[in-house]
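Scroll down for the structure; my scribbles are underneath it.
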Amino acid sequence: MNKRNGNGTRRLIGLLLLAAFVTAFELRAQAPSPDVLVRNTTEEVLTIVRNDKDIKAGKVDRIVNLIEEKVAPHFDLARMTRLAVGRAWRDATPAQREALIKEFRSLLVRSYSAAFTAYTGVSVEYRPFRFNPGDTEATVQTLIKLPSGAEPITVDYDMSLTPNGWKVYDVRVAGASLIINYRNLFALEIDRGGIDGLIKSLANRNSANVNTAPAGKQ
């Protein structure tokens with residue numbers, strides 16, 4: 001390659017990188033803010049849950065598909081899995097990491113599906129949101145009000161800004177971190193059977209839950 005062609009190639013690569021950067025910046029600028037994203041997603045799912053005949057009839061696949069379509073895309077599954085697995089993540093092979101993300105995603109989707117269908121009459125209060133322009137981390141605080149008149153439950157979403165918009169990387173229910181809870185459980189499995197043991201345990205749990213209906217509605 002002569003010098004002129006080399007300079008032209010470098011210039012082209014530079015322009016492509018610049019275009020990619022501008023596109024990513026524009027996408028991030030157009031992405032809804034964390035509080036709007038949580039509010040819109042929650043209300044949309046709750047509305048469907050309250051009115052969908054198949055969900056009311058207890059059809060598990062319908063609610064699972066709903067969570068897969070409407071909720072899962074807003075979770076940073078790779079980061080959540082890495083945080084939940086903890087230090088052992090560094091020793092996992094690429095294939096093991098892929099399997100862990102896949103099984104953890106299935107576990108979260110099933111758990112979230114059960115949470116949305118367990119109570120059909122809940123309402124969600126969105127707490128005042130504090131956010132500064134340029135922030136790349138945020139917490140959206142909500143209060144779940146139960147129809148039975150029981151004590152409301154706080155549910156907070158820890159989020160970060162990614163090239164694909166804001167993503168949830170942890171959920172805290174009544175102050176308890178979902179990620180820390182799973183990290184403690186996963187550590188026990190890893191101590192017993194290593195990474196492969198954890199993958200097998202998650203796969204078995206997900207398989208057992210395939211035909212299990214969500215928790216009873218209230």
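We name chains A, B, ... following the order of the structure tokens; residues begin at 1 in each chain, and ligands are numbered from 1 as shown.
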Those of range 8-192 of chain A in DSSP alpha helix (DSSP H), formatted as an MDAnalysis selection string: chainID A and resid 8:30 34:51 53:56 60:70 77:85 94:118 178:192
Selection near range 152-160 of chain A, 10 Å with only C-alpha atoms, sequence-local residues under 6 positions removed, as a PyMOL selection string: chain A and resi 34-35+38+74-76+122-127+135-146+166-177
Could you list, with a cut-off of 9 Å and counting only C-alpha atoms, the residues of range 44-147 of chain A near range 187-199 of chain A, each shown with its nearest atom pair and the distance in Å rounded to one decimal, rows sorted by chain and ascending number, as CSV?
```
residue,atom,partner,partner_atom,distance
A:Ala84,CA,A:Ala187,CA,8.9
A:Val85,CA,A:Ala187,CA,7.2
A:Gly86,CA,A:Ala187,CA,8.1
A:Ala88,CA,A:Ile195,CA,7.4
A:Trp89,CA,A:Ile195,CA,8.4
A:Asp91,CA,A:Ile195,CA,8.6
A:Ala92,CA,A:Ile195,CA,6.8
A:Gln96,CA,A:Ile195,CA,7.3
A:Ala99,CA,A:Ile199,CA,6.8
A:Leu100,CA,A:Ile199,CA,5.9
A:Glu103,CA,A:Ile199,CA,7.1
A:Phe104,CA,A:Ile199,CA,8.9
```
Secondary structure check, strand (DSSP E) residues of range 6-194 of chain A, as number ranges by chain: A: 123-126, 137-145, 153-162, 165-173, 176-177
Next, dump the selected residues to file, keeping only C-alpha atoms, as a PDB file, in the first residue's frame.
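Once written, again_34.pdb looks like this:
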```pdb
ATOM      1  CA  SER A 123     -50.595   0.819  42.199  1.00  0.00           C
ATOM      2  CA  VAL A 124     -47.167   2.356  41.860  1.00  0.00           C
ATOM      3  CA  GLU A 125     -46.103   5.697  43.268  1.00  0.00           C
ATOM      4  CA  TYR A 126     -43.034   7.240  41.658  1.00  0.00           C
ATOM      5  CA  GLU A 137     -25.719   6.603  37.106  1.00  0.00           C
ATOM      6  CA  ALA A 138     -29.181   7.064  38.621  1.00  0.00           C
ATOM      7  CA  THR A 139     -31.643   5.484  41.029  1.00  0.00           C
ATOM      8  CA  VAL A 140     -35.377   5.550  40.362  1.00  0.00           C
ATOM      9  CA  GLN A 141     -37.384   5.071  43.558  1.00  0.00           C
ATOM     10  CA  THR A 142     -40.908   3.680  43.551  1.00  0.00           C
ATOM     11  CA  LEU A 143     -43.445   2.672  46.162  1.00  0.00           C
ATOM     12  CA  ILE A 144     -45.670  -0.343  45.538  1.00  0.00           C
ATOM     13  CA  LYS A 145     -49.084   0.027  47.174  1.00  0.00           C
ATOM     14  CA  ILE A 153     -43.063  -1.850  49.553  1.00  0.00           C
ATOM     15  CA  THR A 154     -40.199   0.257  48.242  1.00  0.00           C
ATOM     16  CA  VAL A 155     -38.688  -0.884  44.944  1.00  0.00           C
ATOM     17  CA  ASP A 156     -35.672   1.049  43.704  1.00  0.00           C
ATOM     18  CA  TYR A 157     -33.989   0.639  40.333  1.00  0.00           C
ATOM     19  CA  ASP A 158     -30.247   1.311  40.057  1.00  0.00           C
ATOM     20  CA  MET A 159     -29.503   2.282  36.471  1.00  0.00           C
ATOM     21  CA  SER A 160     -26.596   3.279  34.277  1.00  0.00           C
ATOM     22  CA  LEU A 161     -26.328   4.983  30.905  1.00  0.00           C
ATOM     23  CA  THR A 162     -25.079   2.664  28.174  1.00  0.00           C
ATOM     24  CA  GLY A 165     -29.773   3.943  26.584  1.00  0.00           C
ATOM     25  CA  TRP A 166     -30.486   3.589  30.301  1.00  0.00           C
ATOM     26  CA  LYS A 167     -30.368   0.060  31.682  1.00  0.00           C
ATOM     27  CA  VAL A 168     -31.216  -1.413  35.088  1.00  0.00           C
ATOM     28  CA  TYR A 169     -28.325  -3.247  36.761  1.00  0.00           C
ATOM     29  CA  ASP A 170     -29.830  -3.844  40.219  1.00  0.00           C
ATOM     30  CA  VAL A 171     -33.229  -3.796  41.889  1.00  0.00           C
ATOM     31  CA  ARG A 172     -33.606  -3.169  45.620  1.00  0.00           C
ATOM     32  CA  VAL A 173     -36.803  -4.387  47.261  1.00  0.00           C
ATOM     33  CA  ALA A 176     -32.480  -5.510  49.888  1.00  0.00           C
ATOM     34  CA  SER A 177     -30.349  -5.766  46.752  1.00  0.00           C
TER      35      SER A 177
END
```
6 Å contact set for range 57-63 of chain A, only C-alpha atoms, chain neighbours under 2 positions out, as number ranges by chain: A: 54-55, 65-66, 113, 213
Residue among A:Arg183, A:Arg90, A:Arg130, A:Arg105 lying closest to Asn206 in chain A, counting only C-alpha atoms: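 Looking only at the distances to Asn206 in chain A, the closest residue turns out to be A:Arg105.
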